[in-house]
$ cat query-v5.cif   # mmCIF, C-alpha atoms
data_data
#
loop_
_atom_site.label_atom_id
_atom_site.label_comp_id
_atom_site.auth_asym_id
_atom_site.auth_seq_id
_atom_site.Cartn_x
_atom_site.Cartn_y
_atom_site.Cartn_z
CA MET D 1 -20.74 -29.39 5.89
CA VAL D 2 -17.41 -28.31 4.44
CA ILE D 3 -19.11 -27.18 1.22
CA VAL D 4 -21.62 -25.10 3.18
CA PHE D 5 -18.79 -23.47 5.13
CA VAL D 6 -16.84 -22.67 1.95
CA VAL D 7 -19.95 -21.21 0.28
CA LEU D 8 -20.65 -19.11 3.37
CA VAL D 9 -17.09 -17.79 3.49
CA LEU D 10 -17.12 -16.95 -0.22
CA ALA D 11 -20.48 -15.21 0.15
CA VAL D 12 -19.20 -13.05 3.01
CA PHE D 13 -15.95 -12.35 1.14
CA GLY D 14 -17.85 -11.42 -2.02
CA GLY D 15 -20.27 -9.23 -0.08
CA LEU D 16 -17.44 -7.26 1.53
CA HIS D 17 -15.76 -6.68 -1.81
CA TRP D 18 -19.08 -5.60 -3.31
CA TYR D 19 -19.36 -3.05 -0.52
CA VAL D 20 -15.84 -1.81 -1.25
CA TRP D 21 -16.69 -1.54 -4.97
CA ARG D 22 -19.89 0.33 -4.24
CA ARG D 23 -18.27 2.91 -1.97
CA MET D 24 -14.98 3.32 -3.83
CA VAL D 25 -16.11 2.96 -7.44
CA ARG D 26 -19.82 3.36 -8.04
CA ASP D 27 -20.47 6.11 -5.50
CA THR D 28 -17.43 8.16 -6.52
CA THR D 29 -18.15 8.21 -10.26
CA ALA D 30 -20.99 10.26 -11.77
CA ARG D 31 -21.63 7.88 -14.65
CA PRO D 32 -20.18 4.78 -16.35
CA GLY D 33 -16.85 5.50 -17.98
CA THR D 34 -13.13 4.83 -17.90
CA ALA D 35 -12.73 5.61 -14.19
CA ARG D 36 -15.48 3.19 -13.21
CA ARG D 37 -14.12 0.45 -15.46
CA VAL D 38 -10.60 0.81 -14.04
CA GLY D 39 -11.89 0.81 -10.46
CA THR D 40 -14.00 -2.27 -11.10
CA ALA D 41 -11.01 -4.07 -12.61
CA LEU D 42 -8.92 -3.33 -9.49
CA VAL D 43 -11.59 -4.50 -7.05
CA VAL D 44 -12.15 -7.72 -9.03
CA GLY D 45 -8.51 -8.37 -9.92
CA GLY D 46 -7.16 -7.84 -6.39
CA PRO D 47 -8.94 -10.83 -4.80
CA PHE D 48 -8.10 -12.97 -7.83
CA LEU D 49 -4.38 -12.22 -7.41
CA MET D 50 -4.63 -12.86 -3.66
CA PHE D 51 -6.11 -16.35 -4.09
CA ALA D 52 -3.69 -17.06 -6.94
CA ALA D 53 -0.73 -16.13 -4.71
CA ILE D 54 -1.88 -18.45 -1.92
CA ALA D 55 -2.67 -21.29 -4.32
CA SER D 56 0.66 -21.01 -6.16
CA GLU D 57 2.60 -21.11 -2.89
CA ARG D 58 0.71 -24.06 -1.43
CA GLY D 59 0.49 -25.88 -4.75
CA GLY D 60 4.21 -25.74 -5.49
CA ALA D 61 3.94 -23.64 -8.66
CA PRO D 62 7.17 -22.56 -10.39
CA PHE D 63 9.00 -20.26 -8.00
CA TRP D 64 9.17 -17.39 -10.49
CA LEU D 65 5.38 -17.48 -10.75
CA GLN D 66 5.06 -17.45 -6.96
CA GLN D 67 7.25 -14.35 -6.84
CA VAL D 68 5.25 -12.59 -9.57
CA LEU D 69 1.94 -13.23 -7.80
CA ALA D 70 3.08 -12.79 -4.21
CA TRP D 71 3.69 -9.05 -4.04
CA PRO D 72 0.43 -7.76 -5.57
CA GLY D 73 -1.67 -10.63 -4.22
CA PHE D 74 -0.51 -10.49 -0.61
CA LEU D 75 -0.38 -6.70 -0.48
CA TRP D 76 -3.99 -6.61 -1.67
CA MET D 77 -4.83 -8.84 1.30
CA ALA D 78 -3.54 -6.19 3.70
CA PHE D 79 -4.73 -3.17 1.69
CA SER D 80 -8.31 -4.45 1.32
CA LEU D 81 -8.49 -5.11 5.08
CA TYR D 82 -7.59 -1.56 6.02
CA LEU D 83 -9.58 -0.05 3.17
CA LEU D 84 -12.65 -1.89 4.45
CA LEU D 85 -12.05 -0.73 8.03
CA ALA D 86 -11.54 2.87 6.87
CA LEU D 87 -14.75 2.79 4.83
CA LEU D 88 -16.68 1.50 7.84
CA VAL D 89 -15.38 4.45 9.84
CA GLY D 90 -16.41 6.62 6.89
CA GLU D 91 -20.03 5.51 7.37
CA VAL D 92 -20.02 7.52 10.60
CA VAL D 93 -18.31 10.52 9.02
CA ARG D 94 -20.45 10.54 5.87
CA PRO D 95 -23.75 11.88 7.36
CA LEU D 96 -21.89 14.41 9.49
CA LEU D 97 -20.07 15.81 6.47
CA ARG D 98 -23.31 15.93 4.48
CA ARG D 99 -25.02 17.82 7.29
CA VAL D 100 -22.23 20.39 7.40
CA LEU D 101 -22.54 20.98 3.67
CA GLU D 102 -26.32 21.36 3.91
CA ARG D 103 -25.93 24.10 6.52
CA ARG D 104 -23.74 26.18 4.27
CA PRO D 105 -25.78 29.05 2.70
CA THR D 106 -26.39 28.82 -1.02
CA PRO D 107 -25.41 32.03 -2.83
CA ALA D 108 -28.43 33.84 -4.31
CA VAL D 109 -28.57 34.15 -8.09
CA GLU D 110 -30.25 37.34 -9.42
CA PRO D 111 -32.47 36.65 -12.44
CA VAL D 112 -31.22 38.11 -15.67
CA GLY D 113 -33.80 40.26 -17.43
CA VAL D 114 -35.08 43.80 -18.03
CA ARG D 115 -35.45 45.85 -14.85
CA GLU D 116 -38.32 48.29 -14.61
CA ASP D 117 -35.98 51.21 -13.98
CA ALA D 118 -33.51 50.22 -16.67
CA PRO D 119 -33.24 52.53 -19.65
CA VAL D 120 -34.57 51.21 -22.95
CA ARG D 121 -31.80 50.43 -25.37
CA THR D 122 -32.40 50.12 -29.13
CA ARG D 123 -30.21 48.38 -31.64
CA VAL D 124 -29.36 50.26 -34.80
CA PRO D 125 -29.32 47.81 -37.69
CA ASP D 126 -26.92 48.21 -40.56
CA LEU D 127 -28.22 49.31 -43.96
CA GLU D 128 -28.15 45.86 -45.48
CA ALA D 129 -30.17 44.44 -42.62
CA GLU D 130 -32.61 47.42 -42.85
CA SER D 131 -33.12 46.87 -46.57
CA THR D 132 -33.79 43.21 -46.01
CA SER D 133 -36.23 44.07 -43.23
CA GLN D 134 -38.15 46.46 -45.46
CA THR D 135 -38.45 43.86 -48.19
CA GLU D 136 -39.72 41.29 -45.67
CA SER D 137 -42.13 43.95 -44.26
CA SER D 138 -43.53 44.65 -47.70
CA SER D 139 -44.02 40.97 -48.31
CA GLY D 140 -45.63 40.62 -44.93
CA SER D 141 -48.07 43.44 -45.57
CA GLU D 142 -49.26 41.68 -48.68
CA THR D 143 -50.09 38.61 -46.71
CA GLY D 144 -51.53 40.57 -43.77
CA THR D 145 -48.75 39.48 -41.32
CA GLY D 146 -46.47 42.05 -39.55
CA THR D 147 -42.73 41.57 -39.24
CA GLU D 148 -42.76 41.90 -35.45
CA THR D 149 -45.55 39.35 -35.15
CA GLY D 150 -43.63 36.87 -37.29
CA ALA D 151 -40.45 37.36 -35.30
CA GLY D 152 -42.35 36.95 -32.09
CA ALA D 153 -43.86 33.69 -33.31
CA GLU D 154 -40.48 32.35 -34.30
CA SER D 155 -38.79 33.18 -30.97
CA GLY D 156 -41.71 32.27 -28.75
CA ALA D 157 -41.02 35.39 -26.64
CA LYS D 158 -43.38 38.20 -25.87
CA PRO D 159 -42.34 41.81 -26.31
CA GLY D 160 -40.99 43.29 -23.10
CA SER D 161 -40.70 39.92 -21.33
CA ALA D 162 -37.56 39.02 -19.26
CA GLU D 163 -35.84 35.75 -20.07
CA THR D 164 -34.39 33.58 -17.20
CA PRO D 165 -31.54 31.33 -18.43
CA GLU D 166 -31.06 27.70 -17.32
CA PRO D 167 -28.79 27.42 -14.22
CA ALA D 168 -25.27 26.34 -15.15
CA ALA D 169 -23.74 23.15 -13.73
CA THR D 170 -21.65 24.09 -10.71
CA GLY D 171 -19.83 20.74 -10.03
CA PRO D 172 -20.64 17.35 -8.55
CA SER D 173 -23.61 16.95 -6.28
CA ARG D 174 -23.19 16.98 -2.52
CA ARG D 175 -23.63 13.23 -2.34
CA LEU D 176 -20.97 12.67 -4.97
CA PHE D 177 -18.66 15.16 -3.29
CA VAL D 178 -19.04 13.46 0.09
CA SER D 179 -18.43 10.02 -1.44
CA ARG D 180 -15.24 11.24 -3.08
CA VAL D 181 -13.94 12.84 0.11
CA VAL D 182 -14.66 9.76 2.24
CA GLY D 183 -13.36 7.35 -0.42
CA GLY D 184 -10.18 9.34 -0.95
CA ALA D 185 -9.52 9.56 2.78
CA ALA D 186 -10.13 5.82 3.19
CA ALA D 187 -7.74 4.97 0.35
CA ALA D 188 -5.06 7.29 1.75
CA ALA D 189 -5.41 5.77 5.23
CA ALA D 190 -5.15 2.22 3.85
CA VAL D 191 -2.11 3.00 1.70
CA GLY D 192 -0.37 4.78 4.57
CA THR D 193 -1.06 1.96 7.05
CA VAL D 194 0.08 -0.81 4.72
CA GLY D 195 3.08 1.18 3.54
CA TYR D 196 4.32 1.83 7.06
CA GLY D 197 3.64 -1.76 8.15
CA THR D 198 5.52 -3.14 5.15
CA TYR D 199 8.49 -0.86 5.77
CA GLY D 200 8.61 -2.14 9.33
CA VAL D 201 9.02 -5.73 8.14
CA LEU D 202 11.46 -5.11 5.30
CA ARG D 203 13.87 -3.09 7.43
CA GLY D 204 14.34 -6.17 9.63
CA PRO D 205 13.37 -7.17 13.18
CA LYS D 206 14.42 -5.22 16.24
CA VAL D 207 16.01 -6.75 19.31
CA LYS D 208 13.84 -7.23 22.37
CA ARG D 209 15.28 -8.22 25.74
CA VAL D 210 13.54 -10.01 28.59
CA THR D 211 14.84 -11.46 31.85
CA VAL D 212 13.41 -14.79 33.03
CA PRO D 213 14.25 -16.01 36.56
CA LEU D 214 14.47 -19.81 36.98
CA ALA D 215 14.43 -21.35 40.44
CA LYS D 216 16.57 -24.35 39.47
CA LEU D 217 19.16 -22.44 37.45
CA PRO D 218 22.59 -22.52 39.16
CA ARG D 219 24.52 -19.35 39.88
CA SER D 220 27.05 -20.23 37.19
CA ALA D 221 24.38 -19.75 34.52
CA HIS D 222 23.10 -16.42 35.81
CA GLY D 223 22.89 -14.02 32.85
CA TYR D 224 22.89 -16.81 30.24
CA ARG D 225 21.55 -15.32 26.98
CA ILE D 226 19.38 -17.21 24.47
CA ALA D 227 18.57 -15.46 21.17
CA VAL D 228 15.06 -16.58 20.21
CA VAL D 229 13.97 -16.21 16.59
CA SER D 230 10.76 -17.56 15.11
CA ASP D 231 8.57 -17.20 12.05
CA VAL D 232 11.17 -15.88 9.62
CA HIS D 233 9.00 -17.15 6.73
CA LEU D 234 11.54 -17.09 3.94
CA GLY D 235 9.58 -17.43 0.70
CA PRO D 236 8.65 -15.68 -2.55
CA VAL D 237 8.59 -12.28 -0.79
CA LEU D 238 11.22 -12.44 1.97
CA GLY D 239 14.39 -13.91 0.52
CA ARG D 240 18.14 -14.10 1.03
CA GLY D 241 18.55 -10.40 1.79
CA PHE D 242 16.04 -10.62 4.61
CA ALA D 243 17.70 -13.77 5.97
CA GLN D 244 21.00 -11.89 6.07
CA LYS D 245 19.42 -9.08 8.11
CA VAL D 246 18.06 -11.62 10.60
CA VAL D 247 21.45 -13.35 10.93
CA ASP D 248 23.32 -10.06 11.36
CA THR D 249 20.85 -8.92 14.03
CA ILE D 250 21.16 -12.17 15.97
CA ASN D 251 24.95 -12.16 15.83
CA SER D 252 25.06 -8.55 17.02
CA THR D 253 23.54 -9.65 20.35
CA GLN D 254 26.47 -12.07 20.98
CA PRO D 255 24.23 -14.77 22.46
CA ASP D 256 25.31 -17.86 24.35
CA LEU D 257 22.79 -19.98 22.42
CA ILE D 258 20.50 -19.46 19.43
CA ALA D 259 17.01 -21.01 19.30
CA VAL D 260 15.14 -21.08 15.96
CA VAL D 261 11.63 -22.09 16.99
CA GLY D 262 9.92 -22.94 13.71
CA ASP D 263 8.32 -21.51 10.58
CA LEU D 264 11.67 -20.73 9.03
CA VAL D 265 10.44 -21.18 5.44
CA ASP D 266 7.46 -21.18 3.09
CA GLY D 267 8.70 -23.31 0.23
CA SER D 268 10.90 -26.19 -0.80
CA VAL D 269 14.62 -26.62 -0.30
CA LYS D 270 14.97 -26.50 -4.08
CA ASP D 271 13.45 -23.00 -4.25
CA LEU D 272 14.65 -21.52 -0.97
CA GLY D 273 17.95 -23.26 -0.33
CA PRO D 274 19.95 -20.20 -1.49
CA ALA D 275 17.74 -17.88 0.57
CA ALA D 276 18.49 -19.86 3.75
CA ALA D 277 22.25 -19.98 3.12
CA PRO D 278 23.08 -17.02 5.45
CA LEU D 279 22.02 -19.18 8.41
CA ALA D 280 25.44 -20.82 8.18
CA GLN D 281 26.86 -17.55 9.55
CA LEU D 282 25.03 -17.81 12.90
CA ARG D 283 27.45 -17.65 15.81
CA ALA D 284 26.82 -18.54 19.47
CA ARG D 285 29.04 -19.93 22.22
CA HIS D 286 26.92 -23.07 22.69
CA GLY D 287 25.58 -23.39 19.15
CA SER D 288 22.30 -22.95 17.26
CA PHE D 289 19.25 -25.21 17.63
CA PHE D 290 16.13 -25.69 15.52
CA VAL D 291 12.63 -27.14 15.89
CA THR D 292 9.99 -27.46 13.21
CA GLY D 293 6.93 -25.25 12.84
CA ASN D 294 3.69 -25.97 11.03
CA HIS D 295 4.94 -24.32 7.83
CA GLU D 296 7.89 -26.71 7.62
CA TYR D 297 5.35 -29.50 7.17
CA PHE D 298 3.83 -27.59 4.24
CA SER D 299 7.31 -27.29 2.71
CA GLY D 300 8.95 -30.71 3.15
CA ALA D 301 10.00 -30.99 6.80
CA GLU D 302 12.46 -33.86 6.39
CA GLU D 303 14.39 -32.07 3.65
CA TRP D 304 14.52 -28.87 5.69
CA VAL D 305 15.70 -30.65 8.82
CA ALA D 306 18.55 -32.11 6.77
CA ARG D 307 19.26 -28.71 5.21
CA VAL D 308 19.50 -26.77 8.48
CA ARG D 309 21.80 -29.46 9.83
CA GLU D 310 24.09 -28.84 6.84
CA LEU D 311 23.99 -25.13 7.68
CA GLY D 312 25.29 -25.81 11.18
CA LEU D 313 22.06 -25.80 13.19
CA ARG D 314 21.22 -28.76 15.40
CA PRO D 315 17.62 -29.99 14.97
CA LEU D 316 15.89 -31.16 18.15
CA GLU D 317 13.30 -33.66 16.90
CA ASN D 318 11.61 -34.74 20.12
CA ALA D 319 15.07 -34.72 21.64
CA ARG D 320 17.06 -33.26 24.53
CA THR D 321 20.63 -32.20 25.09
CA GLU D 322 22.19 -31.70 28.50
CA LEU D 323 24.14 -28.47 28.69
CA ALA D 324 26.44 -27.64 31.58
CA ASP D 325 23.81 -25.79 33.64
CA PHE D 326 20.41 -26.83 32.29
CA ASP D 327 18.64 -29.17 29.89
CA LEU D 328 17.63 -27.94 26.44
CA ALA D 329 14.86 -29.91 24.72
CA GLY D 330 12.78 -29.56 21.59
CA VAL D 331 9.58 -31.13 20.24
CA ASN D 332 8.14 -31.29 16.74
CA ASP D 333 5.19 -29.13 15.80
CA VAL D 334 1.66 -30.50 16.13
CA ALA D 335 1.26 -30.22 12.34
CA GLY D 336 3.65 -33.17 12.05
CA GLU D 337 1.01 -35.52 13.47
CA ASP D 338 -0.50 -35.97 10.01
CA GLU D 339 2.86 -37.33 8.84
CA GLY D 340 3.51 -39.42 11.93
CA GLN D 341 6.08 -36.88 13.15
CA GLY D 342 4.13 -35.06 15.82
CA PRO D 343 5.41 -33.90 19.23
CA ASP D 344 6.55 -36.60 21.66
CA PHE D 345 7.10 -35.13 25.12
CA VAL D 346 7.80 -38.51 26.67
CA LYS D 347 10.64 -39.16 24.24
CA ALA D 348 12.08 -35.68 24.75
CA LEU D 349 11.59 -35.34 28.51
CA GLY D 350 10.48 -38.64 29.99
CA ASP D 351 13.76 -39.78 31.55
CA ARG D 352 15.33 -36.47 32.49
CA ASP D 353 16.53 -35.37 35.93
CA ARG D 354 13.82 -32.96 37.14
CA SER D 355 16.18 -31.37 39.64
CA ARG D 356 17.85 -29.63 36.71
CA ALA D 357 16.32 -26.58 35.01
CA CYS D 358 14.78 -27.32 31.61
CA VAL D 359 14.21 -25.01 28.65
CA LEU D 360 11.93 -26.39 25.90
CA LEU D 361 11.68 -25.21 22.28
CA ALA D 362 8.15 -25.73 20.92
CA HIS D 363 6.74 -23.76 18.01
CA GLN D 364 3.14 -23.33 19.17
CA PRO D 365 2.10 -21.89 22.54
CA VAL D 366 -0.72 -24.45 22.81
CA GLN D 367 1.91 -27.02 23.74
CA ILE D 368 2.36 -25.33 27.11
CA HIS D 369 -0.02 -27.71 28.89
CA ASP D 370 2.17 -30.72 28.03
CA SER D 371 5.17 -28.73 29.19
CA VAL D 372 3.55 -28.13 32.55
CA ASP D 373 2.82 -31.85 32.92
CA HIS D 374 6.47 -32.71 32.22
CA GLY D 375 7.98 -30.18 34.62
CA VAL D 376 9.45 -27.79 32.05
CA ASP D 377 10.71 -24.54 33.59
CA LEU D 378 10.60 -22.37 30.46
CA GLN D 379 8.99 -22.91 27.05
CA LEU D 380 10.09 -20.76 24.10
CA SER D 381 7.56 -20.44 21.26
CA GLY D 382 6.43 -18.34 18.31
CA HIS D 383 3.64 -19.03 15.78
CA THR D 384 1.21 -16.24 16.74
CA HIS D 385 3.03 -13.31 15.03
CA GLY D 386 1.41 -11.26 17.79
CA GLY D 387 -1.62 -11.11 15.47
CA GLN D 388 0.50 -9.51 12.68
CA LEU D 389 -2.31 -7.34 11.32
CA TRP D 390 -4.54 -5.49 13.77
CA PRO D 391 -7.31 -6.41 14.61
CA GLY D 392 -6.11 -9.96 13.87
CA ASN D 393 -4.58 -9.96 17.34
CA LEU D 394 -8.11 -10.25 18.79
CA ILE D 395 -8.61 -13.55 16.95
CA ALA D 396 -5.10 -14.86 17.59
CA ASP D 397 -5.45 -14.07 21.29
CA GLN D 398 -8.49 -16.33 21.51
CA ALA D 399 -6.74 -19.18 19.68
CA ASN D 400 -3.56 -19.18 21.81
CA PRO D 401 -2.95 -19.30 25.57
CA THR D 402 -0.45 -16.44 25.20
CA LEU D 403 -0.38 -14.05 22.25
CA ALA D 404 3.06 -12.55 22.92
CA GLY D 405 5.42 -11.99 25.81
CA LEU D 406 6.03 -13.81 29.08
CA GLU D 407 3.37 -15.54 31.18
CA ARG D 408 3.36 -18.16 33.92
CA TYR D 409 1.41 -21.43 33.95
CA GLY D 410 1.89 -23.09 37.30
CA ASP D 411 5.61 -23.68 37.74
CA THR D 412 6.22 -23.28 34.01
CA GLN D 413 6.87 -19.99 32.25
CA LEU D 414 6.01 -19.42 28.59
CA TYR D 415 7.65 -16.83 26.37
CA VAL D 416 6.11 -16.19 22.93
CA SER D 417 7.98 -14.19 20.30
CA ARG D 418 6.08 -12.15 17.70
CA GLY D 419 8.49 -13.47 15.09
CA ALA D 420 11.04 -11.93 12.77
CA GLY D 421 9.19 -12.06 9.45
CA ALA D 422 5.61 -12.26 8.24
CA TRP D 423 3.34 -14.71 6.46
CA GLY D 424 1.31 -13.56 3.46
CA PRO D 425 1.60 -9.79 3.20
CA PRO D 426 5.07 -8.64 4.30
CA THR D 427 3.24 -6.25 6.60
CA ARG D 428 2.77 -5.84 10.34
CA VAL D 429 0.37 -3.45 12.05
CA GLY D 430 0.31 -3.27 15.83
CA ALA D 431 2.62 -6.27 16.16
CA PRO D 432 6.23 -5.29 15.39
CA SER D 433 8.67 -8.05 14.49
CA ASP D 434 11.35 -9.00 16.97
CA ILE D 435 14.30 -11.17 17.85
CA THR D 436 14.26 -11.70 21.59
CA VAL D 437 17.27 -12.12 23.81
CA VAL D 438 16.03 -14.13 26.80
CA GLU D 439 18.42 -13.66 29.71
CA LEU D 440 18.14 -16.41 32.32
CA ALA D 441 18.45 -15.32 35.91
CA SER D 442 19.31 -17.62 38.82
CA ARG D 443 17.28 -17.15 41.97
CA GLN D 444 20.25 -18.65 43.80
CA ALA D 445 22.43 -15.70 42.83
#
$ encode --input "query-v5.cif" --output "structure tokens"
Amino acid sequence: MVIVFVVLVLAVFGGLHWYVWRRMVRDTTARPGTARRVGTALVVGGPFLMFAAIASERGGAPFWLQQVLAWPGFLWMAFSLYLLLALLVGEVVRPLLRRVLERRPTPAVEPVGVREDAPVRTRVPDLEAESTSQTESSSGSETGTGTETGAGAESGAKPGSAETPEPAATGPSRRLFVSRVVGGAAAAAAVGTVGYGTYGVLRGPKVKRVTVPLAKLPRSAHGYRIAVVSDVHLGPVLGRGFAQKVVDTINSTQPDLIAVVGDLVDGSVKDLGPAAAPLAQLRARHGSFFVTGNHEYFSGAEEWVARVRELGLRPLENARTELADFDLAGVNDVAGEDEGQGPDFVKALGDRDRSRACVLLAHQPVQIHDSVDHGVDLQLSGHTHGGQLWPGNLIADQANPTLAGLERYGDTQLYVSRGAGAWGPPTRVGAPSDITVVELASRQA
């Protein structure tokens, strides 16, 4: 069954790239040549680099190789998506453009020849040519063949006839012209979309603020600010410089508490330890806390938990801490179940005083149902990226109870951050990155 699924996926993937090649390469080139060979190489090489980038990251290839493959491979992932979407839109535009061109009048071409009212012009030969002509005429008279008859036989033209020349080539055909216009517009749209989306990620996340009222929160905690950051995804693309931007942005909000809710890294401590070093600069009145995401379990979760502890963050591994005004708890990500380190809500929340407000850090929104069962007041999550690349949000929305933002489930509220970074292509379209300052509000105030 798995083999059939893989074959089906590869067939669909190959078919889509064949369509891209046909529209962008074959249909825009008049004949085989350098342009077609270069275009074919790009369409074939792009997917190869994309799969190589993913395989090198997941397979633990040398970090320098991951960095070499990541930029072109992951950017092709985003570029090919928007190129395909633009070409599909072009299928609607293509017949309309062709119809417009067909309605344009074709300029009339007057045949070149001898007009009836044109004066007859004679050519005066030079003496040498006349002498030669006389000699040939004399020879022709001996054989009974006239000079004019011989010349007419050689040229295949009749005396007094008008010759119509072959029409000259006036440029590419309408079909070729339309293909080039649509293909060029599609490429420009894809480059512009990916370029703008990549710039949005690399410049760093923006601060988003949301107020969450909690019925059990005492007046003394009214206005308590939690800086929520998720899905930083430090790796072969987003490195130390990006981590520094995230840290500086968080510190600028002057939070009371910092919550890092998973997917901090895409790689080992050995490769990304220096990139994560700026996390030691995080500053909050009541400290910084961390829970694992699914990508930590792809990257060596135990080593990363130890590393973030060295950097000054407090990991909450199915654990709870009682702050002055509310309980703060954290559970492991569901991906840890394969390693016997999955979420344990009973361990984290089983013996707590339910009269106190409780804020839970859990990477994936799907854990909300367990939170409801255990009387959690507010769950803070990430994981979805808000879809990251439109129209991926349509798929992510179906896979998660909440895609982004604040929603209520019974007596429990769930806030989902879009995340600070990006996985795969360092690109976001329709889902801007954020660091959210959640301000708790007391209903007793």
$ closest_residue --input "query-v5.cif" --among "D:Thr292, D:Gly273, D:His369, D:Leu214" --to "Arg356 of chain D" --atoms "all atoms listed in the file"
D:Leu214
$ closest_residue --input "query-v5.cif" --among "D:Gly195, D:Pro213, D:Gly235, D:Gly15" --to "Val359 of chain D" --atoms "all atoms listed in the file"
D:Pro213
$ axis_aligned_box --input "query-v5.cif" --around "segment 407-416 of chain D" --padding-each-side "8 Å" --output "lines of an AutoDock Vina configuration file"
center_x = 4.5
center_y = -19.6
center_z = 30.3
size_x = 22.2
size_y = 24.1
size_z = 30.8
$ closest_residue --input "query-v5.cif" --among "D:Ser252, D:Ser173, D:Thr28, D:Ser355" --to "Lys206 of chain D" --atoms "all atoms listed in the file"
D:Ser252
$ closest_residue --input "query-v5.cif" --among "D:Gln341, D:Asn294, D:Thr384, D:Ser80" --to "Ala187 of chain D" --atoms "all atoms listed in the file"
D:Ser80
$ atom_distance --input "query-v5.cif" --atom1 "atom CA of Arg408 of chain D" --atom2 "atom CA of Arg209 of chain D"
17.5 Å
$ atom_distance --input "query-v5.cif" --atom1 "atom CA of Ser288 of chain D" --atom2 "atom CA of Glu302 of chain D"
18.3 Å
$ closest_residue --input "query-v5.cif" --among "D:Ala275, D:Leu311, D:Ala259, D:Leu440" --to "Gly330 of chain D" --atoms "only C-alpha atoms"
D:Ala259
$ resolve_selection --input "query-v5.cif" --expression "the PyMOL selection byres ((chain D and resi 319) around 6)" --output "ChimeraX atom specification"
/D:316-318,320,329-330,348
$ closest_residue --input "query-v5.cif" --among "D:Ile395, D:Ala277, D:Val194, D:Val228" --to "Leu81 of chain D" --atoms "all atoms listed in the file"
D:Val194
